[in-house]
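Listing of data_5.cif; format and content: mmCIF, C-alpha atoms.
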data_structure
#
loop_
_atom_site.label_atom_id
_atom_site.label_comp_id
_atom_site.auth_asym_id
_atom_site.auth_seq_id
_atom_site.Cartn_x
_atom_site.Cartn_y
_atom_site.Cartn_z
CA MET A 1 -13.19 24.04 -17.40
CA GLN A 2 -14.89 22.05 -14.65
CA ILE A 3 -12.76 19.82 -12.44
CA ASP A 4 -14.11 17.27 -9.99
CA PHE A 5 -11.68 16.01 -7.36
CA LEU A 6 -13.14 12.87 -5.84
CA TYR A 7 -11.60 11.30 -2.77
CA TRP A 8 -12.17 8.77 -0.02
CA ALA A 9 -10.95 10.12 3.31
CA GLU A 10 -9.71 6.71 4.47
CA CYS A 11 -7.07 6.71 1.76
CA PRO A 12 -4.20 9.04 2.71
CA SER A 13 -3.10 10.01 -0.81
CA HIS A 14 -5.66 12.73 -1.44
CA PRO A 15 -3.86 15.75 0.12
CA GLN A 16 -0.77 15.12 -2.01
CA ALA A 17 -2.88 14.51 -5.11
CA TRP A 18 -4.75 17.75 -4.44
CA GLN A 19 -1.43 19.58 -4.26
CA ARG A 20 -0.29 18.01 -7.53
CA LEU A 21 -3.47 19.20 -9.19
CA GLN A 22 -2.90 22.72 -7.88
CA ASP A 23 0.71 22.65 -9.07
CA ALA A 24 -0.32 21.48 -12.53
CA LEU A 25 -2.97 24.21 -12.77
CA ASP A 26 -0.41 26.82 -11.72
CA ALA A 27 2.17 25.53 -14.18
CA LEU A 28 -0.31 25.76 -17.06
CA ALA A 29 -1.84 29.03 -15.81
CA ILE A 30 -5.30 27.51 -15.88
CA GLU A 31 -8.08 28.89 -13.77
CA ALA A 32 -10.76 26.33 -13.25
CA GLU A 33 -13.69 25.67 -11.00
CA ILE A 34 -12.79 22.74 -8.78
CA ARG A 35 -15.37 20.77 -6.89
CA ARG A 36 -14.08 18.60 -4.04
CA VAL A 37 -16.33 15.61 -3.51
CA GLU A 38 -15.88 13.21 -0.62
CA ILE A 39 -17.00 9.71 -1.51
CA ALA A 40 -17.92 7.98 1.72
CA THR A 41 -20.29 5.14 0.86
CA ASP A 42 -20.56 2.28 -1.62
CA GLU A 43 -23.68 3.95 -2.97
CA ALA A 44 -21.84 7.21 -3.65
CA ALA A 45 -18.99 5.26 -5.24
CA ALA A 46 -21.45 3.57 -7.58
CA ARG A 47 -23.27 6.83 -8.35
CA TRP A 48 -20.04 8.62 -9.24
CA ARG A 49 -18.50 5.53 -10.89
CA PHE A 50 -15.65 6.10 -8.48
CA PRO A 51 -12.80 3.66 -9.19
CA GLY A 52 -10.78 4.71 -6.16
CA SER A 53 -9.20 7.60 -4.35
CA PRO A 54 -8.15 10.00 -5.65
CA THR A 55 -10.02 10.39 -8.94
CA ILE A 56 -9.79 13.58 -10.99
CA LEU A 57 -12.38 14.34 -13.63
CA ILE A 58 -11.89 17.20 -16.08
CA ASP A 59 -15.09 18.16 -17.82
CA GLY A 60 -16.39 14.77 -16.73
CA GLN A 61 -13.47 12.80 -18.17
CA ASP A 62 -11.05 10.84 -16.02
CA ILE A 63 -7.46 12.05 -16.31
CA ASP A 64 -6.38 8.43 -16.85
CA PRO A 65 -7.71 7.01 -20.11
CA ALA A 66 -7.27 3.51 -18.65
CA ALA A 67 -9.95 4.17 -16.03
CA GLU A 68 -12.92 3.27 -18.20
CA ASN A 69 -13.14 -0.39 -17.22
CA LEU A 70 -12.35 -0.06 -13.53
CA PRO A 71 -15.10 -1.12 -11.10
CA ALA A 72 -16.61 1.47 -8.76
CA ARG A 73 -15.63 0.94 -5.13
CA LEU A 74 -14.18 2.50 -1.98
CA THR A 75 -10.49 1.86 -2.31
CA CYS A 76 -7.17 3.57 -2.83
CA ARG A 77 -6.59 3.91 -6.53
CA LEU A 78 -3.65 2.41 -8.38
CA TYR A 79 -1.84 4.63 -10.86
CA TYR A 80 1.32 4.06 -12.85
CA ARG A 81 4.12 6.58 -13.07
CA ASP A 82 5.77 7.35 -16.38
CA ASP A 83 8.59 4.96 -15.46
CA GLY A 84 6.04 2.15 -14.98
CA ARG A 85 6.19 2.04 -11.20
CA PRO A 86 2.86 1.57 -9.38
CA SER A 87 1.77 4.44 -7.17
CA PRO A 88 -1.25 5.55 -5.15
CA LEU A 89 -0.85 9.01 -6.67
CA PRO A 90 -1.56 10.25 -10.18
CA PRO A 91 1.69 11.51 -11.68
CA GLU A 92 1.75 15.25 -12.27
CA SER A 93 2.57 14.55 -15.92
CA MET A 94 -0.74 12.69 -16.29
CA ILE A 95 -2.64 15.58 -14.70
CA ARG A 96 -0.87 18.08 -16.97
CA ARG A 97 -1.61 16.06 -20.11
CA ALA A 98 -5.30 15.85 -19.21
CA LEU A 99 -5.47 19.58 -18.43
CA ALA A 100 -3.73 20.48 -21.67
CA ALA A 101 -6.10 18.26 -23.65
CA ALA A 102 -9.12 19.88 -22.00
CA GLN A 103 -7.67 23.31 -22.68
CA ALA A 104 -7.22 22.40 -26.34
CA ARG A 105 -10.83 21.20 -26.54
CA GLU A 106 -12.00 24.54 -25.17
CA HIS A 107 -10.23 26.34 -28.00
CA LEU A 108 -11.75 24.24 -30.75
CA PRO A 109 -13.96 26.27 -33.03
CA MET B 1 -1.65 -2.63 19.52
CA LEU B 2 1.36 -4.75 20.21
CA GLU B 3 3.90 -2.56 22.00
CA ILE B 4 7.65 -2.38 21.53
CA GLY B 5 9.25 -4.88 23.90
CA GLN B 6 6.21 -7.16 24.05
CA LYS B 7 6.25 -10.73 22.82
CA ALA B 8 4.29 -11.13 19.60
CA PRO B 9 1.36 -13.53 19.40
CA ASP B 10 2.09 -16.79 17.62
CA PHE B 11 0.16 -17.67 14.48
CA THR B 12 -0.38 -20.65 12.27
CA LEU B 13 -1.77 -19.69 8.88
CA PRO B 14 -2.10 -21.18 5.40
CA GLY B 15 0.30 -19.94 2.75
CA VAL B 16 -0.08 -19.58 -0.99
CA ASP B 17 2.58 -22.28 -1.35
CA GLY B 18 0.15 -24.88 0.03
CA ALA B 19 2.01 -25.16 3.35
CA THR B 20 1.02 -23.99 6.80
CA HIS B 21 3.39 -21.49 8.38
CA SER B 22 3.77 -20.66 12.05
CA LEU B 23 5.62 -17.82 13.70
CA ALA B 24 7.20 -20.29 16.11
CA THR B 25 8.82 -22.17 13.23
CA LEU B 26 10.01 -18.96 11.58
CA LEU B 27 11.52 -17.73 14.83
CA ALA B 28 13.25 -21.06 15.41
CA GLY B 29 15.19 -20.69 12.19
CA HIS B 30 15.93 -16.96 12.10
CA LYS B 31 17.47 -14.16 14.12
CA ALA B 32 14.83 -11.68 13.01
CA VAL B 33 11.37 -11.98 11.46
CA ALA B 34 9.52 -9.14 9.73
CA VAL B 35 5.78 -9.75 9.80
CA ILE B 36 4.20 -7.51 7.17
CA PHE B 37 0.44 -7.14 7.00
CA SER B 38 -0.11 -6.80 3.29
CA CYS B 39 -2.63 -7.43 0.54
CA ASN B 40 -3.11 -7.59 -3.21
CA HIS B 41 -5.22 -4.59 -4.07
CA CYS B 42 -3.55 -1.68 -2.25
CA PRO B 43 -1.43 0.63 -4.44
CA TYR B 44 0.85 1.41 -1.50
CA VAL B 45 1.65 -2.30 -1.22
CA ARG B 46 2.18 -2.47 -4.97
CA ALA B 47 4.57 0.46 -4.75
CA TRP B 48 6.60 -1.21 -2.00
CA GLU B 49 6.32 -4.82 -3.22
CA ASP B 50 9.60 -4.94 -5.14
CA ARG B 51 11.39 -3.55 -2.09
CA MET B 52 9.92 -6.34 0.05
CA ILE B 53 11.33 -8.88 -2.39
CA ALA B 54 14.70 -7.11 -2.42
CA ILE B 55 14.86 -7.02 1.37
CA GLN B 56 14.15 -10.75 1.64
CA ARG B 57 16.81 -11.37 -1.01
CA ASP B 58 19.37 -9.18 0.78
CA TYR B 59 18.66 -10.28 4.36
CA GLY B 60 17.56 -13.90 3.96
CA SER B 61 21.09 -15.21 3.92
CA ARG B 62 21.92 -13.12 6.98
CA GLY B 63 19.32 -14.81 9.14
CA ALA B 64 16.22 -12.66 8.66
CA ALA B 65 12.87 -13.68 7.20
CA LEU B 66 9.95 -11.72 5.83
CA VAL B 67 6.43 -13.06 6.01
CA ALA B 68 3.40 -11.29 4.54
CA ILE B 69 -0.10 -11.75 5.92
CA ASN B 70 -3.28 -10.71 4.11
CA ALA B 71 -6.26 -10.22 6.44
CA ASN B 72 -8.49 -8.12 4.20
CA ASP B 73 -12.17 -8.93 3.82
CA ALA B 74 -12.19 -10.72 0.46
CA ARG B 75 -15.96 -10.54 0.21
CA ARG B 76 -15.79 -6.77 -0.34
CA TYR B 77 -12.34 -6.83 -1.91
CA PRO B 78 -12.25 -9.95 -4.09
CA ASP B 79 -8.73 -9.11 -5.32
CA ASP B 80 -7.62 -10.22 -1.87
CA ASP B 81 -9.06 -13.72 -1.88
CA PHE B 82 -6.77 -16.70 -1.52
CA ASP B 83 -6.77 -17.63 -5.21
CA SER B 84 -5.85 -14.07 -6.16
CA MET B 85 -3.10 -14.12 -3.53
CA LYS B 86 -1.65 -17.26 -5.12
CA LYS B 87 -1.73 -15.60 -8.51
CA ARG B 88 -0.10 -12.40 -7.25
CA ALA B 89 2.68 -14.26 -5.48
CA ALA B 90 3.43 -16.28 -8.60
CA GLU B 91 3.33 -13.27 -10.92
CA GLN B 92 5.60 -11.18 -8.75
CA GLY B 93 7.89 -14.01 -7.69
CA PHE B 94 7.43 -13.57 -3.97
CA ASN B 95 10.45 -15.03 -2.17
CA PHE B 96 8.72 -14.99 1.22
CA PRO B 97 5.63 -16.77 2.60
CA TYR B 98 2.33 -15.05 1.79
CA LEU B 99 -0.32 -16.10 4.29
CA ARG B 100 -4.09 -15.73 4.61
CA ASP B 101 -5.59 -14.52 7.90
CA GLU B 102 -9.19 -15.29 7.02
CA THR B 103 -10.60 -14.66 10.51
CA GLN B 104 -8.55 -11.44 10.91
CA GLU B 105 -7.64 -12.61 14.42
CA ILE B 106 -3.91 -12.25 13.86
CA ALA B 107 -4.19 -8.75 12.40
CA ARG B 108 -6.29 -7.74 15.41
CA ALA B 109 -3.89 -9.40 17.86
CA TYR B 110 -0.97 -7.41 16.43
CA GLY B 111 -2.97 -4.20 16.18
CA ALA B 112 -2.26 -3.91 12.48
CA THR B 113 -4.09 -1.01 10.89
CA HIS B 114 -2.77 -0.62 7.36
CA THR B 115 -1.27 -2.43 4.43
CA PRO B 116 1.64 -2.54 4.48
CA HIS B 117 2.22 -2.51 8.24
CA VAL B 118 5.54 -3.96 9.41
CA PHE B 119 6.27 -5.64 12.75
CA VAL B 120 9.91 -6.71 13.25
CA LEU B 121 10.55 -9.36 15.88
CA ASP B 122 13.85 -10.53 17.31
CA ALA B 123 14.75 -14.20 17.74
CA GLY B 124 12.79 -14.28 20.98
CA GLY B 125 9.66 -13.03 19.22
CA VAL B 126 9.86 -9.65 20.91
CA LEU B 127 8.67 -6.62 18.95
CA ARG B 128 11.55 -4.28 18.06
CA TYR B 129 9.96 -2.10 15.35
CA GLN B 130 6.55 -1.37 13.90
CA GLY B 131 5.51 0.96 11.11
CA ALA B 132 6.46 1.59 7.50
CA ILE B 133 8.98 -0.11 5.23
CA ASP B 134 10.71 3.19 4.48
CA ASP B 135 9.86 6.86 4.09
CA SER B 136 9.11 7.05 0.35
CA TYR B 137 6.45 4.76 -1.03
CA GLU B 138 6.45 6.37 -4.43
CA ASP B 139 10.11 6.57 -5.31
CA PRO B 140 12.76 4.15 -4.03
CA GLY B 141 15.39 6.64 -5.17
CA SER B 142 14.08 9.22 -2.69
CA VAL B 143 14.28 7.03 0.40
CA GLU B 144 16.13 8.78 3.22
CA PHE B 145 15.14 6.44 6.02
CA PRO B 146 15.07 2.73 5.10
CA TYR B 147 13.36 1.82 8.37
CA LEU B 148 12.98 -1.90 7.77
CA ARG B 149 16.54 -2.39 6.52
CA ASP B 150 17.96 -0.33 9.38
CA THR B 151 15.90 -2.32 11.88
CA LEU B 152 17.03 -5.65 10.47
CA ASP B 153 20.66 -4.48 10.54
CA ALA B 154 20.25 -3.55 14.20
CA VAL B 155 18.38 -6.66 15.29
CA LEU B 156 20.79 -8.97 13.46
CA ALA B 157 23.61 -7.21 15.31
CA GLY B 158 21.82 -7.72 18.60
CA GLN B 159 21.06 -4.04 18.99
CA ALA B 160 17.91 -1.99 19.36
CA PRO B 161 16.92 -0.03 16.25
CA LYS B 162 17.40 3.73 16.46
CA ILE B 163 13.82 4.26 15.28
CA ALA B 164 11.33 1.85 16.82
CA VAL B 165 7.99 3.25 15.70
CA THR B 166 6.85 5.04 12.54
CA ASP B 167 3.46 5.66 11.00
CA ALA B 168 2.24 2.78 8.87
CA VAL B 169 1.33 4.56 5.64
CA GLY B 170 -1.02 2.77 3.29
CA CYS B 171 -4.53 1.46 2.81
CA THR B 172 -6.57 0.64 5.87
CA ILE B 173 -7.09 -3.03 6.60
CA LYS B 174 -10.52 -3.98 5.31
CA TRP B 175 -12.28 -5.38 8.36
CA LYS B 176 -15.32 -7.63 8.13
#
Would you write the structure of this file as structure tokens?
Amino acid sequence: MQIDFLYWAECPSHPQAWQRLQDALDALAIEAEIRRVEIATDEAAARWRFPGSPTILIDGQDIDPAAENLPARLTCRLYYRDDGRPSPLPPESMIRRALAAAQAREHLP
Amino acid sequence: MLEIGQKAPDFTLPGVDGATHSLATLLAGHKAVAVIFSCNHCPYVRAWEDRMIAIQRDYGSRGAALVAINANDARRYPDDDFDSMKKRAAEQGFNFPYLRDETQEIARAYGATHTPHVFVLDAGGVLRYQGAIDDSYEDPGSVEFPYLRDTLDAVLAGQAPKIAVTDAVGCTIKWK
């Protein structure tokens, strides 16, 4: 499993999001290669199709299925918690669901 | 950066309600004014927005007023243009003025750095608190220190807040 953790340093949510990713990996006992990528320019945001910080890609797929239509730009990213509240952080449940789905894909024949 | 104890710069800015709002007028009618540099696009603002509305609801009748000012560069962040501000205020039912600082002069004069970034002024326009709304942007149920509410309680009682400065947590203001 390949994980890309994309972040913009100007947005302060990335350390906590990084910790949530680590916690989710620990909880699911997944060992994965994680690449941390700092997105610092509009050009890099466009190249990575970066919809905001933080963005977590698992095997190239965004952990949030709703991300497909978001424009690429340097910004803090808006997520929604399971209770519907807006948040600058991806909920751990969303990270876990995406990891579990990727794990299941790996075990397909 | 405006320092605690200093008099805040006046402003006269257009609001999404079609009126022009000045700090002088707000101060004339209230015992405390919370100037909050805010915006449309920032998820930290979104997370705190319902608490801003609740604070205006709870403290408005006690003589305090909130006012939000959006200074972000709308050319790079079109969600923050004036039309989008009008839409956001209507959708969310803002019960406080939402103003546009197109030149960013007011944000610079206050030394605002983030959205949201709160500056609480007493009736004399003197800065009594600057920083965050509270200590838990993500979960209102986890708030231990409701900085803005505590400050308003203190200022309305004619006292100095116990905590005068906190870190403004949020998105950086998008300068031109």
> Residues at most 9 Å from Ser13 of chain A, counting all atoms listed in the file, excluding those fewer than 6 positions away in the same chain, as a ChimeraX atom specification?
Replying inline: /A:7,53-54,76,88-89 /B:170
>> Applying 8 Å and all atoms listed in the file, which residues near Val16 of chain B remain after dropping the ones on its own chain fewer than 6 positions away? List them as a list of chain:residue names.
In response: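 Surrounding residues, per the criterion: B:Phe82, B:Met85, B:Lys86, B:Ala89, B:Pro97, B:Tyr98, B:Leu99, B:Arg100.
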Could you dump the residues just selected with C-alpha atoms as an mmCIF file, in the coordinates of the input?
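Generated output (result.cif):
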data_model
loop_
_atom_site.group_PDB
_atom_site.id
_atom_site.type_symbol
_atom_site.label_atom_id
_atom_site.label_comp_id
_atom_site.auth_asym_id
_atom_site.auth_seq_id
_atom_site.Cartn_x
_atom_site.Cartn_y
_atom_site.Cartn_z
ATOM 1 C CA PHE B 82 -6.770 -16.700 -1.520
ATOM 2 C CA MET B 85 -3.100 -14.120 -3.530
ATOM 3 C CA LYS B 86 -1.650 -17.260 -5.120
ATOM 4 C CA ALA B 89 2.680 -14.260 -5.480
ATOM 5 C CA PRO B 97 5.630 -16.770 2.600
ATOM 6 C CA TYR B 98 2.330 -15.050 1.790
ATOM 7 C CA LEU B 99 -0.320 -16.100 4.290
ATOM 8 C CA ARG B 100 -4.090 -15.730 4.610
#
> Of the residues B:His117, B:Arg46, B:Arg76, B:Arg51, which is the one nearest to chain A, using all atoms listed in the file?
Replying inline: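 Using all atoms listed in the file, chain A sits closest to B:Arg46.
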> Hey, what's within 9 Å of Leu156 of chain B if we count only C-alpha atoms and toss same-chain stuff fewer than 4 positions away? As an MDAnalysis selection string, please?
Replying inline: chainID B and resid 31:32 62:64 122 151:152
>> Please check the contacts: residues of chain B at most 7 Å away from chain A, using only C-alpha atoms, listed as number ranges by chain.
In response: B: 42-44, 46-47, 138, 171-172
>> Expand the PyMOL selection byres ((chain B and resi 71) around 12) into the explicit residue set it covers here, and present it as number ranges by chain.
In response: B: 13-14, 36-41, 68-70, 72-75, 77, 80-82, 85, 98-117, 172-176
Resulting file, chosen residues, C-alpha atoms, as a CSV table (one decimal), in the frame of the given file:
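Writing the result to selection_34.csv gives the following:
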chain,number,residue,atom,x,y,z
B,13,LEU,CA,-1.8,-19.7,8.9
B,14,PRO,CA,-2.1,-21.2,5.4
B,36,ILE,CA,4.2,-7.5,7.2
B,37,PHE,CA,0.4,-7.1,7.0
B,38,SER,CA,-0.1,-6.8,3.3
B,39,CYS,CA,-2.6,-7.4,0.5
B,40,ASN,CA,-3.1,-7.6,-3.2
B,41,HIS,CA,-5.2,-4.6,-4.1
B,68,ALA,CA,3.4,-11.3,4.5
B,69,ILE,CA,-0.1,-11.8,5.9
B,70,ASN,CA,-3.3,-10.7,4.1
B,72,ASN,CA,-8.5,-8.1,4.2
B,73,ASP,CA,-12.2,-8.9,3.8
B,74,ALA,CA,-12.2,-10.7,0.5
B,75,ARG,CA,-16.0,-10.5,0.2
B,77,TYR,CA,-12.3,-6.8,-1.9
B,80,ASP,CA,-7.6,-10.2,-1.9
B,81,ASP,CA,-9.1,-13.7,-1.9
B,82,PHE,CA,-6.8,-16.7,-1.5
B,85,MET,CA,-3.1,-14.1,-3.5
B,98,TYR,CA,2.3,-15.0,1.8
B,99,LEU,CA,-0.3,-16.1,4.3
B,100,ARG,CA,-4.1,-15.7,4.6
B,101,ASP,CA,-5.6,-14.5,7.9
B,102,GLU,CA,-9.2,-15.3,7.0
B,103,THR,CA,-10.6,-14.7,10.5
B,104,GLN,CA,-8.6,-11.4,10.9
B,105,GLU,CA,-7.6,-12.6,14.4
B,106,ILE,CA,-3.9,-12.2,13.9
B,107,ALA,CA,-4.2,-8.8,12.4
B,108,ARG,CA,-6.3,-7.7,15.4
B,109,ALA,CA,-3.9,-9.4,17.9
B,110,TYR,CA,-1.0,-7.4,16.4
B,111,GLY,CA,-3.0,-4.2,16.2
B,112,ALA,CA,-2.3,-3.9,12.5
B,113,THR,CA,-4.1,-1.0,10.9
B,114,HIS,CA,-2.8,-0.6,7.4
B,115,THR,CA,-1.3,-2.4,4.4
B,116,PRO,CA,1.6,-2.5,4.5
B,117,HIS,CA,2.2,-2.5,8.2
B,172,THR,CA,-6.6,0.6,5.9
B,173,ILE,CA,-7.1,-3.0,6.6
B,174,LYS,CA,-10.5,-4.0,5.3
B,175,TRP,CA,-12.3,-5.4,8.4
B,176,LYS,CA,-15.3,-7.6,8.1
>> Between atom CA of Arg36 of chain A and atom CA of Pro15 of chain A, what is the distance in Å, rounded to a tenth?
In response: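 Between atom CA of Arg36 of chain A and atom CA of Pro15 of chain A the gap is 11.4 Å.
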>> Would you pick out the contacts of Asp59 of chain A at 7 Å or less, using only C-alpha atoms, so that residues sharing its chain but fewer than 2 positions from it are not included, and give the list as a ChimeraX atom specification?
In response: /A:1-3,57,61
>> Set the distance at 9 Å and use all atoms listed in the file: which residues neighbour segment 16-29 of chain A once local chain neighbours fewer than 6 positions away are removed? I'd like the list as a PyMOL selection string.
In response: chain A and resi 5+54+56+89-93+95-96+99-100
>> What's the separation between atom CA of Pro161 of chain B and atom CA of Gly125 of chain B, in Å to one decimal place?
In response: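 Result for atom CA of Pro161 of chain B versus atom CA of Gly125 of chain B: 15.2 Å, one decimal.
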> Taking only C-alpha atoms into account, which of B:Phe119, B:Tyr137, B:Tyr147, B:Trp48 comes nearest Leu2 of chain B?
Replying inline: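 Among the listed residues, the smallest separation from Leu2 of chain B belongs to B:Phe119.
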>> Expand the PyMOL selection byres ((chain B and resi 29) around 9) into the explicit residue set it covers here, and present it as a list in words.
In response: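 With the shown file as input, the PyMOL selection byres ((chain B and resi 29) around 9) matches Ala24, Thr25, Leu26, Leu27, Ala28, His30, Lys31, Gly63, Ala64, Ala65 and Ala123 of chain B.
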>> Using all atoms listed in the file, list the residues that have an atom at most 12 Å from (15.6, -4.2, 9.8), coordinates as in the file, as a ChimeraX atom specification.
In response: /B:31-35,52,55-56,58-60,62-66,118-122,127-134,145-164
Around all the atoms of segment 36-52 of chain A listed in the file, with 6 Å of room on each side, what axis-aligned box do you get, giving centre and edge lengths in Å to one decimal, as lines of an AutoDock Vina configuration file?
center_x = -17.2
center_y = 10.4
center_z = -4.6
size_x = 24.9
size_y = 28.3
size_z = 24.6
Any chance you could model N, CA and C atoms for segment 141-166 of chain B and send them as an mmCIF file, in the frame of the given file?
data_model
loop_
_atom_site.group_PDB
_atom_site.id
_atom_site.type_symbol
_atom_site.label_atom_id
_atom_site.label_comp_id
_atom_site.auth_asym_id
_atom_site.auth_seq_id
_atom_site.Cartn_x
_atom_site.Cartn_y
_atom_site.Cartn_z
ATOM 1 N N GLY B 141 14.203 5.796 -5.082
ATOM 2 C CA GLY B 141 15.390 6.640 -5.170
ATOM 3 C C GLY B 141 15.364 7.813 -4.196
ATOM 4 N N SER B 142 14.208 8.094 -3.628
ATOM 5 C CA SER B 142 14.080 9.220 -2.690
ATOM 6 C C SER B 142 14.093 8.792 -1.232
ATOM 7 N N VAL B 143 14.320 7.515 -0.987
ATOM 8 C CA VAL B 143 14.280 7.030 0.400
ATOM 9 C C VAL B 143 15.436 7.633 1.200
ATOM 10 N N GLU B 144 15.110 8.272 2.301
ATOM 11 C CA GLU B 144 16.130 8.780 3.220
ATOM 12 C C GLU B 144 16.267 7.882 4.442
ATOM 13 N N PHE B 145 15.140 7.292 4.826
ATOM 14 C CA PHE B 145 15.140 6.440 6.020
ATOM 15 C C PHE B 145 14.603 5.054 5.666
ATOM 16 N N PRO B 146 15.505 4.110 5.397
ATOM 17 C CA PRO B 146 15.070 2.730 5.100
ATOM 18 C C PRO B 146 14.784 1.977 6.410
ATOM 19 N N TYR B 147 13.643 2.291 7.003
ATOM 20 C CA TYR B 147 13.360 1.820 8.370
ATOM 21 C C TYR B 147 13.532 0.314 8.533
ATOM 22 N N LEU B 148 12.952 -0.447 7.609
ATOM 23 C CA LEU B 148 12.980 -1.900 7.770
ATOM 24 C C LEU B 148 14.410 -2.429 7.653
ATOM 25 N N ARG B 149 15.137 -1.958 6.666
ATOM 26 C CA ARG B 149 16.540 -2.390 6.520
ATOM 27 C C ARG B 149 17.363 -2.002 7.748
ATOM 28 N N ASP B 150 17.194 -0.769 8.196
ATOM 29 C CA ASP B 150 17.960 -0.330 9.380
ATOM 30 C C ASP B 150 17.613 -1.177 10.599
ATOM 31 N N THR B 151 16.317 -1.495 10.735
ATOM 32 C CA THR B 151 15.900 -2.320 11.880
ATOM 33 C C THR B 151 16.509 -3.707 11.801
ATOM 34 N N LEU B 152 16.464 -4.307 10.615
ATOM 35 C CA LEU B 152 17.030 -5.650 10.470
ATOM 36 C C LEU B 152 18.530 -5.630 10.747
ATOM 37 N N ASP B 153 19.226 -4.602 10.248
ATOM 38 C CA ASP B 153 20.660 -4.480 10.540
ATOM 39 C C ASP B 153 20.894 -4.468 12.047
ATOM 40 N N ALA B 154 20.083 -3.673 12.750
ATOM 41 C CA ALA B 154 20.250 -3.550 14.200
ATOM 42 C C ALA B 154 19.933 -4.853 14.906
ATOM 43 N N VAL B 155 18.799 -5.432 14.582
ATOM 44 C CA VAL B 155 18.380 -6.660 15.290
ATOM 45 C C VAL B 155 19.355 -7.804 15.022
ATOM 46 N N LEU B 156 19.829 -7.902 13.781
ATOM 47 C CA LEU B 156 20.790 -8.970 13.460
ATOM 48 C C LEU B 156 22.107 -8.770 14.206
ATOM 49 N N ALA B 157 22.394 -7.511 14.535
ATOM 50 C CA ALA B 157 23.610 -7.210 15.310
ATOM 51 C C ALA B 157 23.358 -7.260 16.812
ATOM 52 N N GLY B 158 22.151 -7.630 17.185
ATOM 53 C CA GLY B 158 21.820 -7.720 18.600
ATOM 54 C C GLY B 158 21.594 -6.389 19.262
ATOM 55 N N GLN B 159 21.272 -5.386 18.445
ATOM 56 C CA GLN B 159 21.060 -4.040 18.990
ATOM 57 C C GLN B 159 19.602 -3.606 18.810
ATOM 58 N N ALA B 160 19.244 -2.566 19.532
ATOM 59 C CA ALA B 160 17.910 -1.990 19.360
ATOM 60 C C ALA B 160 17.955 -1.015 18.185
ATOM 61 N N PRO B 161 16.918 -0.994 17.353
ATOM 62 C CA PRO B 161 16.920 -0.030 16.250
ATOM 63 C C PRO B 161 16.829 1.399 16.774
ATOM 64 N N LYS B 162 17.451 2.331 16.028
ATOM 65 C CA LYS B 162 17.400 3.730 16.460
ATOM 66 C C LYS B 162 15.975 4.273 16.403
ATOM 67 N N ILE B 163 15.227 3.846 15.407
ATOM 68 C CA ILE B 163 13.820 4.260 15.280
ATOM 69 C C ILE B 163 12.966 3.016 15.484
ATOM 70 N N ALA B 164 12.111 3.049 16.488
ATOM 71 C CA ALA B 164 11.330 1.850 16.820
ATOM 72 C C ALA B 164 9.892 1.911 16.325
ATOM 73 N N VAL B 165 9.389 3.117 16.109
ATOM 74 C CA VAL B 165 7.990 3.250 15.700
ATOM 75 C C VAL B 165 7.884 4.344 14.639
ATOM 76 N N THR B 166 7.203 4.026 13.538
ATOM 77 C CA THR B 166 6.850 5.040 12.540
ATOM 78 C C THR B 166 5.380 4.853 12.175
#
